[in-house]
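Reading through the structure tokens given below for one structure.
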Amino acid sequence: MGSIIFLVVVVIVVGWVIGAYNGLVSLKNQTLNAFKQIDVQLKRRHDLIPNLVNAVKGAMEFERSTLEAVIQARNQAVKVNATGPEGIKQISQAENALSSALQRLMVVVEQYPQLKATGNIGQLQEELTSTENKVAFARQLYNDTATQYNTRQQQFPTNMVTGLAQAQPADLWELEDQAEKAVPQVDLSMKPKV
Amino acid sequence: MSDDTSLSLFQQQEANRRRTVLLVIGFVAFFAWLGFGGDYIYYLSTRDAPGTAYHHVFPWFGIALTVAALLTAWYAYATGPEKVLWSTGARAVVDPTDPQEKQLVNVVEEMAIAAGVPRPHIWIVDDPDPNAFATGTDPLHAHIAVTRGLLELCNREELQAVVGHELGHVKNLDVRLMTMLAALVGAIALMHDGATRVLRGGMNVGGGGGGGSRGGGKKGGAGPLLVVLLVVWIVSWILAPIIAQVLALAVSRKREYLADAMSAQFTRNPLALAGALQKIDGAVAPTTAIKRGAAHLCIADPLGRRLTAHEGLFADALATHPPMAKRIAILRGMGYAQLKKEGGSVA
């Protein structure tokens with residue numbers, strides 16, 4: 001009788017360990033996958049920016065510095081050769097700088113209605129908005145998945161099998177850049193509306 | 001059938017898989033009952049007939065109807081999404097040139113990323129009334145359709161919220177259940193119409209047979225049993241489309257709140273969906289392109305039935321959608337809670 005109870009307990013414990021282990025592995029892969037999605041979207045953004053800059057260059061001679069900031073930030077971001085969630089700090093720093101440069105550009109474009117009126121710019125603006133949203137949503141999905149993964153690792157009793165599953169806390173994509181946090185300056189004077 | 005919105009996504013998907021299986025089993029069982037029940041009634045009524053007359057021994061009806069139901073269910077699963085899209089006259093957006101359509105494609109791509117599902121196929125229904133629906137069997141084979149009216153009425157954020165709502169249905173596998181329901185409800189309506197004609201002929205036979213057995217009076221038990229069976233059987237025939245319809249309504253109504261919540265989770269902007277719903281609600285015209293059969297798939301009741309505006313026993317049984325005012329109120333609540341948490345002020 002005693003041995004049967006012992007056996008039942010062993011089966012339950014082993015079953016639970018298998019379940020917890022598999023749960024962690026599945027979350028780990030989801031986190032990796034979500035990170036890849038960010039990578040795909042960042043690549044897209046890097047490819048789009050030269051086109052964008054070329055298209056607005058002629059119309060925006062007067063905003064040279066804004067455009068240059070975008071190009072510079074883009075080149076910086078492309079240069080980062082860290083991969084995987086481990087390099088997230090490096091990648092996110094460069095990309096956040098690019099995000100804020102692009103945001104400034106979009107604010108500038110917003111300010112010149114005659115620029116928006118030309119169909120080309122309107123389309124590019126839509127593309128840019130979409131690209132930025134895609135990066136943001138990919139980041140959101142990654143952060144949500146990673147948070148779920150991290151929480152699961154720390155929670156009792158799953159935390160007892162984290163070693164077994166070689167689970168390590170995943171870094172979140174933080175918005176560290178001060179420029180990103182700062183409210184964009186919008187010039188509300190009617191000046192440019194000539 | 002629980003509609004607990006606090007269940008995890010995995011549980012929601014499991015529940016929807018289970019419900020779809022139950023739906024198919026119920027559908028096949030119902031037709032088996034109609035078939036074999038009819039066979040049994042026919043058997044009882046011809047049993048006492050003289051030797052040379054026809055004796056119904058082999059259950060032809062039952063076998064035929066069960067096989068037909070199985071084939072219909074299979075066919076519905078295989079072609080349901082196509083049929084739903086076809087019935088609304090939607091056209092696929094493949095390579096958009098129109099800026100509005102391009103924006104729709106972008107928005108759908110963005111939401112697919114947020115939801116972590118593959119990009120669904122995108123369709124537009126050329127109807128001036130704002131509405132949207134999703135169909136498909138799983139996230140890999142999903143379709144999202146919006147009306148032209150929605151594209152014109154909503155701004156980018158609101159469109160995003162509506163698409164997020166539809167992708168919520170896709171992600172938690174509501175689409176599978178609801179598309180099957182749409183296809184099977186359609187099949188029942190069709191079979192009902194066709195079979196009513198056959199039944200009229202059959203009733204004459206049944207009535208005549210019943211009279212014969214009463215006249216013979218050899219087996220005392222058969223008469224009442226036959227009558228009861230016949231009544232239940234005929235009532236099932238009459239009620240079939242109504243039951244199917246009520247089922248469709250009940251299932252869809254409960255899922256709308258969940259999809260609203262999922263949209264808020266994807267966009268982090270519940271107020272945008274509240275705004276979109278308000279605009280959709282404010283549009284007067286019904287969505288003429290979307291017929292009754294696909295009504296429960298839409299984000300807002302395309303038939304513009306006033307029932308949807310109330311909640312209560314009657315509306316609970318007959319409306320496809322929960323009251324718009326309540327949905328908007330819930331989303332506003334989420335939005336303000338979010339603003340408060342972020343330290344912003346409610347404008």
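Chain identifiers are assigned as A, B, and so on, following the order in which chains appear in the structure tokens; residues are numbered from 1 within each chain, and ligands are numbered from 1 in order of appearance.
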
Residue hits in chain B, query chain A, radius 12 Å, only C-alpha atoms, as JSON, numbers by chain: {"B": [97, 98, 99, 100, 101, 102, 103, 104, 105, 106, 107, 108, 109, 110, 111, 112, 113, 114, 115, 116, 117, 118, 156, 157, 160, 164, 265, 266, 267, 268]}

- Query: Using only C-alpha atoms, which residues sit within 12 Å of Leu277 of chain B once same-chain residues fewer than 5 positions away are excluded, as a count of residues only?
  - Reply: 31

For Ser236 of chain B, the closest of B:Ile188, B:Arg255, B:Ala78, B:Thr287 counting only C-alpha atoms is B:Ile188

Between A:Leu24, A:Ile88, A:Leu128, A:Val40, smallest distance to Gln148 of chain A by only C-alpha atoms belongs to A:Leu24

Checklist entry - Can you list, as a ChimeraX atom specification, every protein, DNA or RNA residue that comes within 9 Å of Leu177 of chain B when you count only C-alpha atoms, leaving out same-chain residues fewer than 5 positions away? => result /B:16-17,19-21,23,137,182,251

Residue selection dump (C-alpha atoms) as a JSON list (two decimals), in the first residue's frame:
[["chain", "number", "residue", "atom", "x", "y", "z"],
["B", 16, "ASN", "CA", -13.50, 27.00, -29.26],
["B", 17, "ARG", "CA", -12.06, 23.79, -30.68],
["B", 19, "ARG", "CA", -17.34, 23.89, -29.20],
["B", 20, "THR", "CA", -16.72, 23.43, -32.93],
["B", 21, "VAL", "CA", -16.50, 19.66, -32.48],
["B", 23, "LEU", "CA", -21.40, 21.78, -33.01],
["B", 137, "THR", "CA", -10.63, 28.12, -39.87],
["B", 182, "ALA", "CA", -22.63, 30.26, -40.47],
["B", 251, "VAL", "CA", -22.39, 32.03, -29.40]]

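Interatomic distance, atom CA of Val232 of chain B to atom CA of Met180 of chain B: 26.6 Å.
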
Next on the checklist: Excluding Gly35 of chain B and its own-chain neighbours fewer than 6 positions away, which residues fall within 9 Å of it when counting only C-alpha atoms? Please give them as an MDAnalysis selection string.
Outcome noted: chainID B and resid 59:66

Using DSSP on the backbone coordinates, identify the residues of segment 90-273 of chain B assigned to helix (DSSP H, G or I); present them as a ChimeraX atom specification.
/B:99-115,148-153,156-171,174-216,222-267,270-273

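With only C-alpha atoms as the atoms that count, the minimum distance from Arg176 of chain B to the choices B:Val93, B:Ala295, B:Ala134, B:Leu44 is reached by B:Ala134.
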
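Between atom CA of Glu86 of chain A and atom CA of Phe10 of chain B lies a distance of 28.4 Å.
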